[in-house]
file entry-v4.txt (compact mmCIF, C-alpha atoms)
# COMPACT_ATOMS: atom_id res chain seq x y z
CA MET A 11 31.09 -3.68 23.45
CA ARG A 12 34.82 -3.18 22.89
CA PHE A 13 35.30 -6.96 22.93
CA ALA A 14 32.63 -7.46 20.24
CA PHE A 15 34.15 -4.70 18.09
CA ARG A 16 37.66 -6.19 18.29
CA PHE A 17 36.27 -9.68 17.63
CA ARG A 18 34.56 -8.46 14.44
CA GLN A 19 37.77 -6.66 13.46
CA GLY A 20 39.64 -9.95 13.84
CA MET A 21 37.05 -11.82 11.78
CA LYS A 22 37.42 -9.32 8.95
CA ALA A 23 41.19 -9.72 9.04
CA ALA A 24 40.77 -13.50 8.90
CA ILE A 25 38.88 -13.60 5.59
CA PRO A 26 42.04 -14.43 3.54
CA ILE A 27 42.77 -17.25 6.01
CA TRP A 28 39.28 -18.68 5.50
CA ILE A 29 39.83 -18.62 1.74
CA ALA A 30 43.13 -20.49 2.19
CA PHE A 31 41.64 -22.93 4.71
CA VAL A 32 38.68 -24.01 2.55
CA PRO A 33 40.67 -25.96 -0.09
CA SER A 34 43.28 -27.16 2.43
CA SER A 35 40.71 -28.52 4.88
CA ILE A 36 38.73 -30.17 2.09
CA ALA A 37 42.00 -31.68 0.81
CA TRP A 38 42.70 -33.03 4.30
CA GLY A 39 39.18 -34.53 4.55
CA ILE A 40 39.56 -36.18 1.13
CA ALA A 41 43.06 -37.52 1.94
CA ALA A 42 41.96 -38.83 5.34
CA GLN A 43 38.95 -40.61 3.82
CA ALA A 44 41.21 -42.07 1.11
CA HIS A 45 43.50 -43.37 3.87
CA GLY A 46 40.56 -45.19 5.46
CA MET A 47 39.79 -42.88 8.37
CA ARG A 48 36.22 -42.68 9.66
CA PHE A 49 34.13 -39.48 9.69
CA ALA A 50 34.27 -39.16 13.50
CA GLU A 51 38.07 -39.60 13.50
CA ILE A 52 38.47 -36.93 10.81
CA VAL A 53 36.31 -34.36 12.60
CA LEU A 54 37.83 -35.18 16.00
CA MET A 55 41.35 -34.79 14.66
CA SER A 56 40.57 -31.50 12.93
CA ALA A 57 38.86 -30.07 16.02
CA TRP A 58 41.14 -31.44 18.72
CA VAL A 59 44.58 -31.50 17.09
CA TYR A 60 43.85 -28.55 14.73
CA SER A 61 47.19 -28.56 12.97
CA GLY A 62 47.15 -29.03 9.19
CA PRO A 63 50.79 -30.12 8.68
CA ALA A 64 50.76 -32.48 11.68
CA GLN A 65 47.39 -33.93 10.63
CA PHE A 66 48.70 -34.60 7.13
CA ALA A 67 52.01 -35.88 8.52
CA VAL A 68 50.60 -38.59 10.75
CA LEU A 69 47.89 -39.62 8.30
CA GLY A 70 50.01 -42.24 6.53
CA PRO A 71 51.52 -43.84 9.67
CA LEU A 72 48.14 -43.68 11.45
CA ALA A 73 46.27 -45.33 8.58
CA GLU A 74 48.94 -48.01 8.16
CA GLY A 75 48.68 -48.87 11.86
CA LYS A 76 52.30 -47.97 12.62
CA SER A 77 53.57 -47.73 16.21
CA SER A 78 51.49 -45.25 18.22
CA LEU A 79 54.67 -43.91 19.85
CA GLN A 80 56.09 -43.12 16.42
CA VAL A 81 52.90 -41.27 15.39
CA LEU A 82 52.83 -39.32 18.68
CA VAL A 83 56.53 -38.38 18.53
CA ALA A 84 56.19 -37.19 14.92
CA GLY A 85 53.04 -35.19 15.72
CA PHE A 86 54.54 -33.69 18.88
CA LEU A 87 57.76 -32.63 17.16
CA MET A 88 55.82 -31.02 14.33
CA ASN A 89 53.56 -29.17 16.75
CA LEU A 90 56.54 -27.80 18.67
CA ARG A 91 56.48 -24.89 16.25
CA PHE A 92 53.47 -23.55 18.20
CA LEU A 93 55.72 -22.99 21.20
CA PRO A 94 57.49 -19.83 19.95
CA MET A 95 54.28 -18.57 18.27
CA SER A 96 52.28 -18.85 21.46
CA ALA A 97 55.13 -17.29 23.47
CA ALA A 98 55.33 -14.35 21.05
CA LEU A 99 51.61 -13.59 21.43
CA ALA A 100 51.63 -13.83 25.23
CA PRO A 101 52.84 -10.28 26.03
CA TYR A 102 49.88 -8.79 24.15
CA PHE A 103 47.37 -10.51 26.43
CA HIS A 104 48.52 -8.57 29.47
CA GLY A 105 45.97 -8.75 32.29
CA VAL A 106 43.84 -11.53 30.81
CA ASN A 107 42.98 -14.26 33.30
CA ARG A 108 44.70 -17.62 32.87
CA LEU A 109 41.53 -19.62 32.25
CA SER A 110 40.64 -17.46 29.23
CA LEU A 111 44.22 -17.83 27.95
CA LEU A 112 44.04 -21.58 28.44
CA PHE A 113 40.91 -21.95 26.29
CA SER A 114 41.89 -19.43 23.63
CA SER A 115 45.34 -20.97 23.13
CA HIS A 116 43.71 -23.96 21.41
CA VAL A 117 43.19 -21.90 18.25
CA VAL A 118 46.86 -20.89 17.92
CA SER A 119 48.03 -21.92 14.44
CA ALA A 120 50.56 -20.53 11.98
CA SER A 121 47.85 -18.45 10.26
CA SER A 122 46.00 -17.35 13.38
CA PHE A 123 49.34 -16.33 14.88
CA ILE A 124 50.72 -14.17 12.09
CA VAL A 125 47.64 -11.98 11.44
CA PRO A 126 47.08 -10.85 15.07
CA TYR A 127 50.83 -10.66 15.73
CA LEU A 128 51.37 -8.23 12.84
CA GLN A 129 48.29 -6.23 13.86
CA PHE A 130 49.49 -5.94 17.48
CA GLN A 131 52.95 -4.86 16.30
CA LYS A 132 51.39 -2.20 14.07
CA GLU A 133 49.33 -0.90 16.99
CA ARG A 134 52.45 -0.91 19.15
CA LEU A 135 54.33 1.21 16.60
CA GLU A 136 51.46 3.68 16.47
CA ALA A 137 51.75 4.19 20.24
CA SER A 138 55.20 4.80 21.74
CA ASP A 139 56.76 1.80 23.50
CA SER A 140 56.42 3.36 26.94
CA ALA A 141 52.82 4.35 26.35
CA PHE A 142 52.08 0.91 24.93
CA ALA A 143 52.65 -0.83 28.26
CA LYS A 144 50.04 1.42 29.82
CA ILE A 145 47.44 1.17 27.07
CA THR A 146 47.81 -2.55 26.21
CA ASP A 147 44.25 -3.77 26.15
CA GLY A 148 44.76 -7.49 26.86
CA TYR A 149 41.08 -8.40 26.49
CA GLY A 150 40.74 -6.32 23.34
CA ASN A 151 43.76 -8.08 21.84
CA LEU A 152 42.38 -11.44 22.93
CA ALA A 153 39.09 -10.58 21.19
CA PHE A 154 40.94 -9.72 17.98
CA PHE A 155 42.96 -12.95 18.23
CA LEU A 156 39.79 -14.99 18.82
CA GLY A 157 38.06 -13.28 15.90
CA VAL A 158 40.87 -14.57 13.68
CA GLY A 159 41.51 -17.90 15.43
CA ALA A 160 38.03 -19.13 16.31
CA SER A 161 36.52 -18.33 12.90
CA SER A 162 39.46 -19.97 11.07
CA PHE A 163 39.14 -22.98 13.36
CA LEU A 164 35.47 -23.33 12.44
CA VAL A 165 36.25 -23.13 8.72
CA TRP A 166 38.93 -25.83 9.14
CA VAL A 167 36.65 -28.28 10.97
CA VAL A 168 33.64 -27.79 8.67
CA GLY A 169 35.91 -28.01 5.60
CA SER A 170 37.36 -31.33 6.83
CA ALA A 171 33.88 -32.81 7.25
CA PHE A 172 32.90 -31.54 3.79
CA GLY A 173 36.07 -33.09 2.34
CA TYR A 174 35.08 -36.47 3.72
CA ALA A 175 31.70 -36.21 2.00
CA VAL A 176 33.34 -35.11 -1.27
CA ALA A 177 35.77 -38.05 -1.17
CA LEU A 178 32.93 -40.56 -0.86
CA GLY A 179 31.63 -39.41 -4.22
CA PHE A 180 34.96 -40.00 -6.01
CA PRO A 181 34.73 -42.63 -8.76
CA ALA A 182 37.22 -45.53 -8.96
CA GLY A 183 40.47 -44.83 -10.84
CA PHE A 184 41.28 -41.73 -8.84
CA GLU A 185 43.34 -43.57 -6.18
CA GLU A 186 46.68 -42.39 -7.59
CA ALA A 187 45.51 -38.75 -7.57
CA LEU A 188 44.09 -39.05 -4.04
CA LYS A 189 47.35 -40.55 -2.82
CA PHE A 190 49.18 -37.53 -4.23
CA ILE A 191 47.16 -34.96 -2.23
CA LEU A 192 49.17 -35.45 0.96
CA PRO A 193 52.74 -35.21 -0.39
CA GLY A 194 51.68 -32.65 -3.02
CA TYR A 195 50.18 -30.33 -0.41
CA PHE A 196 53.28 -30.66 1.79
CA ALA A 197 55.64 -29.93 -1.07
CA GLY A 198 53.58 -26.88 -2.04
CA LEU A 199 53.52 -25.58 1.55
CA LEU A 200 57.27 -25.91 1.86
CA VAL A 201 58.02 -24.19 -1.43
CA VAL A 202 55.82 -21.23 -0.50
CA GLU A 203 57.59 -20.85 2.87
CA MET A 204 61.13 -21.45 1.56
CA ARG A 205 63.64 -18.80 2.66
CA GLY A 206 67.44 -18.60 2.91
CA TRP A 207 69.88 -21.42 2.15
CA ALA A 208 69.34 -23.65 5.18
CA MET A 209 65.71 -24.54 4.58
CA PRO A 210 66.18 -25.87 1.02
CA VAL A 211 69.18 -27.93 2.23
CA VAL A 212 67.18 -29.38 5.13
CA CYS A 213 64.24 -30.17 2.84
CA LEU A 214 66.22 -31.69 -0.01
CA THR A 215 68.46 -33.90 2.16
CA ALA A 216 65.52 -35.06 4.29
CA LEU A 217 63.53 -35.89 1.14
CA LEU A 218 66.41 -37.79 -0.50
CA LEU A 219 67.35 -39.75 2.63
CA ALA A 220 63.79 -40.65 3.65
CA VAL A 221 63.47 -43.69 1.39
CA PRO A 222 66.90 -45.22 2.27
CA GLY A 223 66.16 -44.50 5.94
CA ALA A 224 62.71 -46.08 5.79
CA SER A 225 64.16 -49.06 3.88
CA LEU A 226 66.66 -49.69 6.69
CA SER A 227 64.07 -49.24 9.44
CA PRO A 228 60.44 -48.82 8.27
CA GLY A 229 59.33 -47.47 11.65
CA TRP A 230 61.99 -45.02 12.72
CA GLY A 231 64.42 -44.68 9.78
CA TRP A 232 62.77 -41.62 8.19
CA LEU A 233 62.33 -39.97 11.58
CA VAL A 234 66.01 -40.43 12.47
CA THR A 235 67.33 -39.24 9.09
CA ALA A 236 65.03 -36.18 9.19
CA SER A 237 66.11 -35.26 12.74
CA LEU A 238 69.78 -35.72 11.87
CA MET A 239 69.55 -33.54 8.79
CA ALA A 240 67.71 -30.75 10.65
CA ILE A 241 70.23 -30.79 13.53
CA LEU A 242 73.24 -30.95 11.18
CA VAL A 243 72.10 -27.99 9.06
CA TRP A 244 71.10 -26.02 12.17
CA GLY A 245 74.55 -26.74 13.67
CA ALA A 246 76.27 -25.61 10.46
CA GLU A 247 74.20 -22.43 10.43
CA GLN A 248 75.04 -21.72 14.08
CA TRP A 249 78.73 -22.30 13.38
CA LYS A 250 78.59 -19.99 10.34
CA CYS A 251 76.86 -17.26 12.38
CA ARG A 252 79.50 -17.49 15.15
CA ALA A 253 82.36 -17.51 12.64
CA SER A 254 81.01 -14.40 10.88
CA ALA A 255 80.44 -12.69 14.24
CA LEU A 256 84.09 -13.34 15.25
CA SER A 257 85.58 -12.13 11.98
CA MET B 194 46.28 -48.22 21.02
CA SER B 195 43.16 -47.28 19.00
CA ARG B 196 43.25 -44.47 16.44
CA ILE B 197 40.86 -42.40 18.57
CA GLY B 198 43.21 -42.84 21.55
CA ILE B 199 46.20 -41.69 19.49
CA ILE B 200 44.24 -38.65 18.23
CA LEU B 201 43.20 -37.73 21.78
CA ILE B 202 46.77 -37.93 23.12
CA MET B 203 48.11 -36.06 20.10
CA GLY B 204 45.53 -33.33 20.72
CA PHE B 205 46.49 -33.08 24.41
CA MET B 206 50.14 -32.72 23.44
CA ALA B 207 49.34 -30.05 20.83
CA PHE B 208 47.20 -28.22 23.38
CA ALA B 209 50.00 -28.30 25.96
CA VAL B 210 52.48 -26.87 23.44
CA ARG B 211 50.03 -24.05 22.64
CA ALA B 212 48.88 -23.30 26.19
CA LEU B 213 52.06 -23.63 28.25
CA PRO B 214 53.97 -20.69 26.72
CA GLN B 215 50.99 -18.39 27.29
CA LEU B 216 50.79 -19.46 30.92
CA ILE B 217 54.53 -19.70 31.68
CA PHE B 218 56.53 -17.52 29.30
CA VAL B 219 54.36 -14.40 29.47
CA GLY B 220 56.51 -11.38 28.66
CA ARG B 221 59.57 -13.41 27.63
CA ARG B 222 61.04 -13.99 24.16
CA PHE B 223 62.09 -17.37 22.76
CA PRO B 224 65.77 -17.66 21.72
CA GLU B 225 66.09 -17.17 17.96
CA SER B 226 68.36 -20.22 17.47
CA LEU B 227 65.92 -22.56 19.22
CA ASP B 228 63.09 -21.15 17.15
CA ARG B 229 65.07 -22.00 14.00
CA LEU B 230 65.85 -25.54 15.17
CA LEU B 231 62.15 -26.20 15.79
CA ARG B 232 61.31 -24.90 12.32
CA TYR B 233 63.99 -27.05 10.65
CA LEU B 234 62.82 -30.17 12.48
CA SER B 235 59.25 -29.56 11.25
CA TYR B 236 60.36 -29.06 7.65
CA ALA B 237 62.65 -32.10 7.72
CA PHE B 238 59.80 -34.29 8.99
CA ILE B 239 57.46 -32.97 6.32
CA CYS B 240 60.01 -33.73 3.57
CA SER B 241 60.69 -37.19 4.93
CA ILE B 242 56.98 -37.89 4.95
CA VAL B 243 56.69 -36.62 1.36
CA GLY B 244 59.44 -39.07 0.32
CA VAL B 245 58.01 -42.07 2.17
CA THR B 246 54.35 -41.44 1.24
CA LEU B 247 55.13 -40.76 -2.39
CA PHE B 248 57.63 -43.49 -3.17
CA MET B 249 56.89 -46.30 -0.72
CA THR B 250 53.92 -48.54 0.05
CA GLY B 251 53.99 -51.01 2.93
CA GLY B 252 57.68 -50.29 3.56
CA LYS B 253 58.69 -51.13 -0.06
CA PHE B 254 60.06 -48.75 -2.69
CA GLU B 255 57.69 -48.63 -5.71
CA LEU B 256 60.23 -48.43 -8.51
CA HIS B 257 57.75 -48.63 -11.43
CA LEU B 258 55.64 -45.70 -10.12
CA ALA B 259 58.54 -43.55 -8.93
CA PRO B 260 59.25 -41.68 -12.22
CA SER B 261 55.66 -40.45 -12.74
CA ARG B 262 55.31 -39.45 -9.08
CA ALA B 263 58.68 -37.68 -9.11
CA LEU B 264 57.57 -35.78 -12.23
CA ALA B 265 54.31 -34.76 -10.52
CA LEU B 266 56.28 -33.64 -7.46
CA ALA B 267 58.55 -31.51 -9.66
CA LEU B 268 55.50 -29.91 -11.31
CA THR B 269 53.94 -29.27 -7.89
CA ILE B 270 57.09 -27.51 -6.72
CA ALA B 271 57.31 -25.40 -9.88
CA VAL B 272 53.64 -24.34 -9.83
CA ALA B 273 53.67 -23.61 -6.08
CA TYR B 274 56.84 -21.55 -6.52
CA ILE B 275 55.42 -19.51 -9.41
CA THR B 276 51.92 -18.99 -8.01
CA ARG B 277 53.02 -18.87 -4.31
CA SER B 278 50.07 -21.17 -3.62
CA ALA B 279 50.44 -24.63 -2.06
CA VAL B 280 46.98 -25.70 -3.19
CA SER B 281 47.57 -24.68 -6.84
CA GLY B 282 50.80 -26.70 -6.84
CA MET B 283 49.08 -29.70 -5.33
CA LEU B 284 46.23 -29.54 -7.87
CA ALA B 285 48.68 -29.34 -10.80
CA GLY B 286 50.66 -32.34 -9.54
CA MET B 287 47.47 -34.27 -8.85
CA LEU B 288 46.20 -33.69 -12.39
CA LEU B 289 49.52 -34.84 -13.86
CA VAL B 290 49.68 -37.98 -11.75
CA LEU B 291 46.07 -38.75 -12.67
CA THR B 292 46.73 -38.27 -16.38
CA LEU B 293 49.86 -40.43 -16.25
CA SER B 294 48.02 -43.19 -14.38
CA TRP B 295 45.27 -43.23 -17.05
CA LEU B 296 47.88 -43.37 -19.84
CA ARG B 297 49.61 -46.40 -18.31

call {"tool": "encode", "arguments": {"input": "entry-v4.txt", "output": "C-alpha cells"}}
result
Amino acid sequence: MRFAFRFRQGMKAAIPIWIAFVPSSIAWGIAAQAHGMRFAEIVLMSAWVYSGPAQFAVLGPLAEGKSSLQVLVAGFLMNLRFLPMSAALAPYFHGVNRLSLLFSSHVVSASSFIVPYLQFQKERLEASDSAFAKITDGYGNLAFFLGVGASSFLVWVVGSAFGYAVALGFPAGFEEALKFILPGYFAGLLVVEMRGWAMPVVCLTALLLAVPGASLSPGWGWLVTASLMAILVWGAEQWKCRASALS
Amino acid sequence: MSRIGIILIMGFMAFAVRALPQLIFVGRRFPESLDRLLRYLSYAFICSIVGVTLFMTGGKFELHLAPSRALALALTIAVAYITRSAVSGMLAGMLLVLTLSWLR
C-alpha cells in the first residue's frame, strides 16, 4: 500500500519531466529516422541505452558507419555522468535488496535523478539527521524513484517511436532543418545548463577545435580535442581552487 | 559490427555505469573534483559533436553552408538562453535554417 502511494507520488512529481521528454523524444525519433536508422533500432536504443545526449551524440557516427570502438567510447564517456548520480541516490535505498536495485537503476537519468534526489533531501531536512537513519524507508524511496523514472522512461520510448512515424511524413526539402535538430538540441541543452566560467570555456573551445580536429583525423580528432579541452580546463580550475585555498 | 550490436553493447555499458554505483558505492559520496571532470568531458563531447555534425559532411568542411548554419546556431543559443528551454532554441534555429535553405 505504502509502495503504491509513494509510486503515485513519484508519478505526480514527474509530470514536468514528461512534458519535457515529449518534444525531446520526438526530436530524437525524427533525427534518427533522418539519419537512416530503422524503427527497431530507434526503439531499441531508446529503451536499452535510455540516454538522450548519448543517443543524439552517437547518431551521426553510427549512421555514417564510423568505427564501432569510436561510437562505444564516445557513448561510454558521455554516460559516465550517471556514475555520480547513481551513487548519490544509493544511500536513500537503504535496505532494498540488490536485485531490485539492479533493475531499477536502468531508469537513472539526469531528470529522474534530480526530482527524487531533491525530494529525499527535503524529507531528510524535515526529520533530524540522526532520526533519518532510523526512519529511512528504502522501499518507499525506491517506489518514489520508480514513479518518476519508470513513467519518464515510458514517455521517452513511446515518444521516440512516434517521432519516427512523424519523420516519415516529412515532405522533401526539409533535409537541412532535420539535420539541424541534433546540433540545435545539443546547443540548447548546454545553454540551459551553463554555469560558472569553466563550462562556457570547455564548450566554446571544444566547439571551435572540433572541425580542425576532425579534419586532421576524421575518426578520433574531435574526440581527442574535446577530451584535451575538458582535462585542461578542469586542471586549470583545480589549480585555481588550490591557489585560492592556500592564499 | 552491426548497428544493433553496437546499440546492445552501448546499452550494457550504460547499464553498468548506472547499476554499479548502487551496488558498490552504497553510502559513499563521489569526490567533487571527479564529478566535475566527468561533467566537463560530457559537455566537451557534445560541443565537438555539434561542430562536426553542423559544419562537416563525410569528413569535409562545408564552407558554403557554414554561415547559415552558424547563424542558426547563434539564434538557437540566444533563444534557449532567454527562454531556458532547449527545445524552443532548437525549433527557432531549425526554422531559420529552413527559411535560409529555401531562400538559397

call {"tool": "residues_around", "arguments": {"input": "entry-v4.txt", "residues": "Lys253 of chain B", "least_positions_apart": "2", "cutoff": "10 Å", "atoms": "only C-alpha atoms", "output": "number ranges by chain"}}
result
A: 221, 224-225, 228; B: 245, 248-251, 255-256

call {"tool": "atom_distance", "arguments": {"input": "entry-v4.txt", "atom1": "atom CA of Ile199 of chain B", "atom2": "atom CA of Val167 of chain A"}}
result
18.5 Å

call {"tool": "atom_distance", "arguments": {"input": "entry-v4.txt", "atom1": "atom CA of Thr292 of chain B", "atom2": "atom CA of Gly198 of chain A"}}
result
19.6 Å

call {"tool": "interface_residues", "arguments": {"input": "entry-v4.txt", "of": "chain A", "to": "chain B", "cutoff": "7 Å", "atoms": "all atoms listed in the file", "output": "count of residues only"}}
result
60

call {"tool": "atom_distance", "arguments": {"input": "entry-v4.txt", "atom1": "atom CA of Val83 of chain A", "atom2": "atom CA of Tyr60 of chain A"}}
result
16.5 Å

call {"tool": "build_atoms", "arguments": {"input": "entry-v4.txt", "residues": "segment 249-265 of chain B", "atoms": "N, CA and C atoms", "output": "CSV table (one decimal), keeping the file's coordinate frame"}}
result
chain,number,residue,atom,x,y,z
B,249,MET,N,56.9,-45.0,-1.4
B,249,MET,CA,56.9,-46.3,-0.7
B,249,MET,C,55.5,-46.7,-0.4
B,250,THR,N,55.2,-48.0,-0.4
B,250,THR,CA,53.9,-48.5,0.0
B,250,THR,C,54.2,-49.8,0.8
B,251,GLY,N,53.7,-49.8,2.1
B,251,GLY,CA,54.0,-51.0,2.9
B,251,GLY,C,55.5,-51.2,3.2
B,252,GLY,N,56.2,-50.2,3.3
B,252,GLY,CA,57.7,-50.3,3.6
B,252,GLY,C,58.5,-50.7,2.4
B,253,LYS,N,57.9,-50.8,1.1
B,253,LYS,CA,58.7,-51.1,-0.1
B,253,LYS,C,58.7,-50.0,-1.1
B,254,PHE,N,59.9,-49.8,-1.7
B,254,PHE,CA,60.1,-48.8,-2.7
B,254,PHE,C,59.3,-49.2,-4.0
B,255,GLU,N,58.5,-48.3,-4.5
B,255,GLU,CA,57.7,-48.6,-5.7
B,255,GLU,C,58.4,-48.1,-6.9
B,256,LEU,N,59.3,-48.9,-7.4
B,256,LEU,CA,60.2,-48.4,-8.5
B,256,LEU,C,59.5,-48.1,-9.8
B,257,HIS,N,58.5,-48.9,-10.2
B,257,HIS,CA,57.8,-48.6,-11.4
B,257,HIS,C,56.9,-47.4,-11.4
B,258,LEU,N,56.5,-46.9,-10.2
B,258,LEU,CA,55.6,-45.7,-10.1
B,258,LEU,C,56.5,-44.4,-9.8
B,259,ALA,N,57.7,-44.7,-9.4
B,259,ALA,CA,58.5,-43.6,-8.9
B,259,ALA,C,58.7,-42.4,-10.0
B,260,PRO,N,59.0,-42.8,-11.3
B,260,PRO,CA,59.2,-41.7,-12.2
B,260,PRO,C,58.0,-40.8,-12.4
B,261,SER,N,56.8,-41.3,-12.5
B,261,SER,CA,55.7,-40.4,-12.7
B,261,SER,C,55.4,-39.6,-11.5
B,262,ARG,N,55.6,-40.2,-10.3
B,262,ARG,CA,55.3,-39.4,-9.1
B,262,ARG,C,56.4,-38.4,-8.9
B,263,ALA,N,57.6,-38.7,-9.2
B,263,ALA,CA,58.7,-37.7,-9.1
B,263,ALA,C,58.4,-36.5,-10.1
B,264,LEU,N,57.9,-36.8,-11.3
B,264,LEU,CA,57.6,-35.8,-12.2
B,264,LEU,C,56.4,-34.9,-11.7
B,265,ALA,N,55.4,-35.5,-11.1
B,265,ALA,CA,54.3,-34.8,-10.5
B,265,ALA,C,54.8,-33.9,-9.4
